[in-house]
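Text of protein02.txt (compact mmCIF, C-alpha atoms) as supplied:
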# COMPACT_ATOMS: atom_id res chain seq x y z
CA MET A 149 9.66 25.30 1.92
CA ASN A 150 6.61 24.78 -0.31
CA GLU A 151 5.81 21.56 1.55
CA MET A 152 6.05 23.37 4.90
CA ILE A 153 3.70 26.12 3.72
CA GLN A 154 1.28 23.48 2.43
CA ASN A 155 1.32 21.66 5.77
CA ILE A 156 0.74 24.84 7.78
CA THR A 157 -2.10 25.90 5.47
CA LEU A 158 -3.84 22.54 5.80
CA LEU A 159 -3.23 22.36 9.56
CA ALA A 160 -4.44 25.87 10.44
CA LEU A 161 -8.21 25.25 10.51
CA PRO A 162 -8.02 21.76 12.12
CA ILE A 163 -5.81 23.14 14.92
CA LEU A 164 -8.09 26.12 15.54
CA LEU A 165 -11.20 23.94 15.68
CA ALA A 166 -9.62 21.32 17.94
CA VAL A 167 -8.24 23.86 20.42
CA CYS A 168 -11.26 26.15 20.50
CA PHE A 169 -13.81 23.38 21.00
CA HIS A 170 -11.62 21.77 23.69
CA GLU A 171 -11.36 24.95 25.76
CA LEU A 172 -14.95 26.03 25.13
CA ALA A 173 -16.16 22.63 26.35
CA HIS A 174 -14.33 23.05 29.67
CA GLY A 175 -15.89 26.46 30.27
CA TRP A 176 -19.36 25.45 29.07
CA VAL A 177 -19.57 22.42 31.38
CA ALA A 178 -18.17 24.43 34.30
CA GLU A 179 -20.92 27.03 33.78
CA ARG A 180 -23.60 24.31 33.63
CA LEU A 181 -22.29 23.12 37.02
CA GLY A 182 -22.34 26.56 38.64
CA ASP A 183 -19.10 28.37 37.77
CA ASN A 184 -19.28 31.28 35.31
CA THR A 185 -15.60 32.27 35.64
CA ALA A 186 -14.91 31.34 32.01
CA ARG A 187 -17.79 33.51 30.76
CA LEU A 188 -16.64 36.46 32.86
CA ALA A 189 -13.16 36.05 31.39
CA GLY A 190 -14.58 36.07 27.86
CA ARG A 191 -13.50 32.48 27.24
CA LEU A 192 -16.89 30.98 26.27
CA SER A 193 -16.06 31.72 22.67
CA LEU A 194 -14.91 30.06 19.47
CA ASN A 195 -12.66 33.04 18.77
CA PRO A 196 -9.17 31.48 18.44
CA LEU A 197 -7.50 34.62 19.81
CA LYS A 198 -9.18 33.92 23.15
CA HIS A 199 -7.62 30.48 23.46
CA LEU A 200 -4.37 30.15 21.50
CA ASP A 201 -1.07 29.94 23.35
CA PRO A 202 1.85 30.98 21.07
CA VAL A 203 4.22 28.26 22.28
CA GLY A 204 1.52 25.58 22.35
CA THR A 205 0.45 26.49 18.81
CA LEU A 206 4.05 26.30 17.60
CA VAL A 207 4.32 22.82 19.14
CA PHE A 208 1.13 21.84 17.30
CA VAL A 209 2.55 22.99 13.97
CA THR A 210 5.94 21.38 14.65
CA THR A 211 4.75 17.99 15.90
CA GLN A 212 1.46 17.91 13.95
CA PHE A 213 0.14 15.80 16.83
CA ILE A 214 0.00 17.61 20.14
CA GLY A 215 0.17 21.06 21.67
CA TRP A 216 -1.77 23.18 24.12
CA ALA A 217 -3.86 26.31 24.52
CA LYS A 218 -4.39 28.78 27.35
CA PRO A 219 -6.34 26.90 30.05
CA VAL A 220 -9.88 28.11 30.61
CA PRO A 221 -10.17 29.52 34.15
CA VAL A 222 -12.37 27.48 36.47
CA ASN A 223 -13.06 28.24 40.14
CA PRO A 224 -13.93 24.92 41.85
CA LYS A 225 -15.39 26.83 44.82
CA ASN A 226 -18.29 27.92 42.61
CA LEU A 227 -19.16 24.37 41.57
CA LYS A 228 -22.04 22.57 43.27
CA ASN A 229 -19.87 19.59 44.16
CA PRO A 230 -16.27 20.73 43.52
CA LYS A 231 -14.48 17.40 43.73
CA LYS A 232 -16.97 15.46 41.61
CA ASP A 233 -17.81 18.28 39.21
CA MET A 234 -14.17 18.93 38.33
CA ILE A 235 -14.07 15.42 36.86
CA TRP A 236 -16.82 16.37 34.39
CA VAL A 237 -15.19 19.72 33.63
CA ALA A 238 -11.89 18.00 32.89
CA LEU A 239 -13.53 15.25 30.80
CA ALA A 240 -15.36 17.81 28.68
CA GLY A 241 -12.24 18.84 26.74
CA PRO A 242 -11.13 15.37 25.55
CA ALA A 243 -14.77 14.39 24.97
CA SER A 244 -15.28 17.37 22.67
CA ASN A 245 -12.22 16.36 20.65
CA LEU A 246 -13.45 12.79 20.29
CA LEU A 247 -16.84 14.07 19.09
CA LEU A 248 -15.08 16.25 16.51
CA ALA A 249 -12.97 13.26 15.43
CA PHE A 250 -16.09 11.15 14.86
CA PHE A 251 -17.80 14.03 13.02
CA PHE A 252 -14.88 14.46 10.61
CA THR A 253 -14.70 10.68 10.18
CA LEU A 254 -18.27 10.79 8.85
CA LEU A 255 -17.26 13.50 6.37
CA TYR A 256 -14.13 11.54 5.42
CA LYS A 257 -16.17 8.40 4.75
CA ALA A 258 -18.82 10.38 2.86
CA PHE A 259 -16.21 11.83 0.48
CA GLN A 260 -14.75 8.37 -0.16
CA LYS A 261 -18.19 6.95 -0.85
CA ALA A 262 -19.13 9.84 -3.15
CA ASP A 263 -16.09 9.44 -5.39
CA PRO A 264 -13.45 6.65 -5.33
CA ILE A 265 -10.80 9.16 -6.47
CA PHE A 266 -10.44 10.36 -2.88
CA GLN A 267 -9.01 7.01 -1.84
CA LEU A 268 -6.12 7.68 -4.22
CA TYR A 269 -5.41 10.96 -2.45
CA THR A 270 -5.53 9.79 1.14
CA SER A 271 -2.41 11.08 2.87
CA PRO A 272 -1.31 8.55 5.50
CA ALA A 273 -1.71 9.83 9.04
CA PHE A 274 1.55 11.11 10.58
CA THR A 275 3.43 11.33 7.25
CA HIS A 276 1.62 14.14 5.37
CA SER A 277 3.22 13.07 2.09
CA TYR A 278 0.61 14.63 -0.15
CA PRO A 279 0.24 13.41 -3.75
CA SER A 280 0.44 15.99 -6.52
CA LEU A 281 -2.81 17.63 -7.65
CA GLU A 282 -1.39 18.61 -11.03
CA GLY A 283 -3.82 18.17 -13.90
CA LEU A 284 -6.97 17.91 -11.79
CA SER A 285 -10.08 20.01 -12.33
CA LEU A 286 -10.92 23.02 -10.15
CA LEU A 287 -13.50 20.97 -8.26
CA TYR A 288 -10.88 18.45 -7.15
CA LEU A 289 -8.34 21.19 -6.45
CA ILE A 290 -10.79 22.41 -3.80
CA ALA A 291 -12.28 19.11 -2.63
CA ILE A 292 -9.06 17.12 -2.11
CA PRO A 293 -7.36 19.66 0.21
CA LEU A 294 -10.66 19.84 2.11
CA TYR A 295 -10.58 16.04 2.35
CA TRP A 296 -7.01 16.22 3.70
CA MET A 297 -8.23 18.70 6.33
CA PHE A 298 -10.77 16.11 7.44
CA ILE A 299 -7.96 13.58 7.90
CA LEU A 300 -5.82 16.07 9.80
CA SER A 301 -8.79 17.02 11.99
CA ILE A 302 -9.36 13.36 12.87
CA GLN A 303 -5.67 12.94 13.69
CA LEU A 304 -5.35 16.13 15.75
CA ASN A 305 -8.53 15.60 17.74
CA VAL A 306 -7.71 11.99 18.57
CA ALA A 307 -4.16 12.94 19.57
CA LEU A 308 -5.32 15.91 21.65
CA ALA A 309 -7.95 13.84 23.46
CA ILE A 310 -5.63 10.95 24.32
CA PHE A 311 -2.65 13.16 25.18
CA ASN A 312 -4.77 15.23 27.57
CA LEU A 313 -5.92 12.09 29.37
CA ILE A 314 -2.37 11.40 30.61
CA PRO A 315 -2.87 11.40 34.42
CA ILE A 316 -0.44 14.21 35.18
CA PRO A 317 -1.68 17.59 36.37
CA PRO A 318 -2.34 20.11 34.90
CA LEU A 319 -3.47 17.87 32.02
CA ASP A 320 -7.14 16.87 32.09
CA GLY A 321 -6.20 13.31 33.03
CA GLY A 322 -4.46 14.61 36.15
CA ARG A 323 -7.57 16.53 37.20
CA ILE A 324 -9.76 13.50 36.56
CA LEU A 325 -7.49 11.30 38.68
CA SER A 326 -7.46 13.92 41.42
CA GLY A 327 -11.26 13.90 41.48
CA LEU A 328 -11.35 10.10 41.71
CA LEU A 329 -8.81 9.82 44.55
CA PRO A 330 -9.83 10.07 48.21
CA LEU A 331 -9.48 13.61 49.56
CA LYS A 332 -6.19 13.03 51.41
CA GLN A 333 -4.50 11.36 48.43
CA ALA A 334 -5.98 13.95 46.06
CA THR A 335 -4.50 16.77 48.15
CA THR A 336 -1.08 15.12 48.04
CA PHE A 337 -1.38 14.45 44.31
CA SER A 338 -2.31 18.09 43.59
CA LYS A 339 1.11 19.17 44.89
CA VAL A 340 2.60 17.65 41.74
CA GLU A 341 0.90 20.26 39.52
CA PRO A 342 3.63 22.97 39.70
CA PHE A 343 6.07 20.37 38.35
CA GLY A 344 3.62 18.71 35.95
CA PHE A 345 4.87 20.43 32.82
CA MET A 346 8.50 19.54 33.61
CA ILE A 347 7.51 15.92 34.28
CA LEU A 348 5.64 15.81 30.99
CA ILE A 349 8.61 17.21 29.05
CA LEU A 350 10.84 14.61 30.72
CA LEU A 351 8.46 11.81 29.73
CA ILE A 352 8.39 13.08 26.14
CA PHE A 353 12.18 13.29 25.83
CA THR A 354 12.71 9.89 27.43
CA GLY A 355 10.34 8.35 24.89
CA LEU A 356 7.78 7.14 27.44
CA VAL A 357 4.99 9.24 25.92
CA ASP A 358 5.89 7.90 22.49
CA SER A 359 5.85 4.28 23.64
CA LEU A 360 2.72 4.50 25.81
CA VAL A 361 0.48 7.13 24.22
CA PHE A 362 1.23 7.05 20.50
CA PRO A 363 0.22 3.37 20.11
CA LEU A 364 -3.22 4.32 21.47
CA ILE A 365 -3.42 7.27 19.06
CA ARG A 366 -2.34 5.15 16.10
CA GLY A 367 -4.75 2.38 17.07
CA MET A 368 -7.75 4.70 17.18
CA LEU A 369 -6.69 6.40 13.94
CA GLY A 370 -6.33 3.02 12.27
CA PHE A 371 -9.92 2.25 13.31
CA LEU A 372 -11.36 5.59 12.20
CA LEU A 373 -9.44 5.93 8.93
CA ALA A 374 -9.85 2.30 7.85

The structure given in the file should be rewritten as structure tokens.
Amino acid sequence: MNEMIQNITLLALPILLAVCFHELAHGWVAERLGDNTARLAGRLSLNPLKHLDPVGTLVFVTTQFIGWAKPVPVNPKNLKNPKKDMIWVALAGPASNLLLAFFFTLLYKAFQKADPIFQLYTSPAFTHSYPSLEGLSLLYLIAIPLYWMFILSIQLNVALAIFNLIPIPPLDGGRILSGLLPLKQATTFSKVEPFGFMILILLIFTGLVDSLVFPLIRGMLGFLLA
């Protein structure tokens, strides 16, 4: 129980940042390209209550890898070039997560460079087997959990970016693929969207997501956390 509480406490801020920046990025780029639907809906905000989906958040906490938020509303009809612009709107979310991952990598490296002790307290990605902090000074009791949050932020943002690039609507990858396809094929492909979530669940339970997506996540994490 104590370990679960510790994990949730450390995950809370990384999840909120990853989700809020992802959804804000979609709405911000859409507005730059002519659609202010997200602003009118009050979604151009870093307020977590505007973006969190209860089930998606629970999945985040349970898997500690992936989950989802409430999609930011976008009206393609308001965009200057709907088909092309939707590619940039969709890309904005994963791109924001990758930027956050690189930002927290800089902080992670800075902490390691400042004091070698942090390398002894690096919790391996995906395991969250945290070493005991017993006997450490107050400074380290604050700094080491913060350092773990950096690691979790890197992990969550990389996972969220790559997972969302799976080319199945309504994931961002599906919208990007739809924008790249010729109009006729894109129209046909868009009909998959009502079944997209079911297809995604099926891929997860059959292990295809694990075998295809997780190696990419682990590879990028290995590069960033090296």

Contacts of stretch 273-351 of chain A with stretch 240-255 of chain A up to 6 Å, shortest pair per row, all atoms listed in the file, as JSON lines:
{"residue": "A:Phe298", "atom": "CA", "partner": "A:Phe252", "partner_atom": "CA", "distance": 5.4}
{"residue": "A:Ile302", "atom": "CA", "partner": "A:Ala249", "partner_atom": "CA", "distance": 4.4}
{"residue": "A:Asn305", "atom": "CA", "partner": "A:Asn245", "partner_atom": "CA", "distance": 4.8}
{"residue": "A:Ala309", "atom": "CA", "partner": "A:Pro242", "partner_atom": "CA", "distance": 4.1}

Using all atoms listed in the file, find each residue of stretch 268-369 of chain A with at least one atom at most 10 Å away from an atom of stretch 215-238 of chain A; report its shortest atom-to-atom pair and that distance in Å (one decimal), sort the rows by chain and rising residue number, and return the result as a Markdown table.
| residue | atom | partner | partner_atom | distance |
| --- | --- | --- | --- | --- |
| A:Leu304 | CA | A:Gly215 | CA | 9.5 |
| A:Ala307 | CA | A:Gly215 | CA | 9.4 |
| A:Leu308 | CA | A:Gly215 | CA | 7.5 |
| A:Phe311 | CA | A:Gly215 | CA | 9.1 |
| A:Asn312 | CA | A:Trp216 | CA | 9.2 |
| A:Leu313 | CA | A:Ala238 | CA | 9.1 |
| A:Pro318 | CA | A:Pro219 | CA | 9.3 |
| A:Leu319 | CA | A:Ala238 | CA | 8.5 |
| A:Asp320 | CA | A:Ala238 | CA | 4.9 |
| A:Gly321 | CA | A:Ala238 | CA | 7.4 |
| A:Gly322 | CA | A:Ala238 | CA | 8.8 |
| A:Arg323 | CA | A:Ala238 | CA | 6.3 |
| A:Ile324 | CA | A:Ile235 | CA | 4.7 |
| A:Leu325 | CA | A:Ile235 | CA | 8.0 |
| A:Ser326 | CA | A:Lys231 | CA | 8.2 |
| A:Gly327 | CA | A:Lys231 | CA | 5.3 |
| A:Leu328 | CA | A:Ile235 | CA | 7.7 |
| A:Leu329 | CA | A:Lys231 | CA | 9.5 |
| A:Pro330 | CA | A:Lys231 | CA | 9.8 |
| A:Leu331 | CA | A:Lys231 | CA | 8.6 |
| A:Ala334 | CA | A:Lys231 | CA | 9.5 |

Requested in this report: May I ask for the distance between atom CA of A:Ala173 and atom CA of A:Leu188, given in Å to one decimal place?
Outcome: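 Going from atom CA of A:Ala173 over to atom CA of A:Leu188, I get 15.3 Å.
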
| request: To one decimal in Å, tell me the separation between atom CA of A:Val177 and atom CA of A:Leu192. | output: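 That distance, rounded to one decimal, is 10.3 Å.
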
Pairwise distance, atom CA of A:Glu341 with atom CA of A:Ile316, equals 7.6 Å

| said: So that I can check the surroundings of A:Ile347, please list as a PyMOL selection string every protein, DNA and RNA residue that reaches within 12 Å of it, counting all atoms listed in the file and ignoring chain neighbours fewer than 3 positions away. | reply: chain A and resi 314-319+340-344+350-354+356-357

Using the selection just defined, write its residues with C-alpha atoms as a compact mmCIF listing (two decimals), keeping the file's coordinate frame.
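Contents of out_5.txt, as written:
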# COMPACT_ATOMS: atom_id res chain seq x y z
CA ILE A 314 -2.37 11.40 30.61
CA PRO A 315 -2.87 11.40 34.42
CA ILE A 316 -0.44 14.21 35.18
CA PRO A 317 -1.68 17.59 36.37
CA PRO A 318 -2.34 20.11 34.90
CA LEU A 319 -3.47 17.87 32.02
CA VAL A 340 2.60 17.65 41.74
CA GLU A 341 0.90 20.26 39.52
CA PRO A 342 3.63 22.97 39.70
CA PHE A 343 6.07 20.37 38.35
CA GLY A 344 3.62 18.71 35.95
CA LEU A 350 10.84 14.61 30.72
CA LEU A 351 8.46 11.81 29.73
CA ILE A 352 8.39 13.08 26.14
CA PHE A 353 12.18 13.29 25.83
CA THR A 354 12.71 9.89 27.43
CA LEU A 356 7.78 7.14 27.44
CA VAL A 357 4.99 9.24 25.92
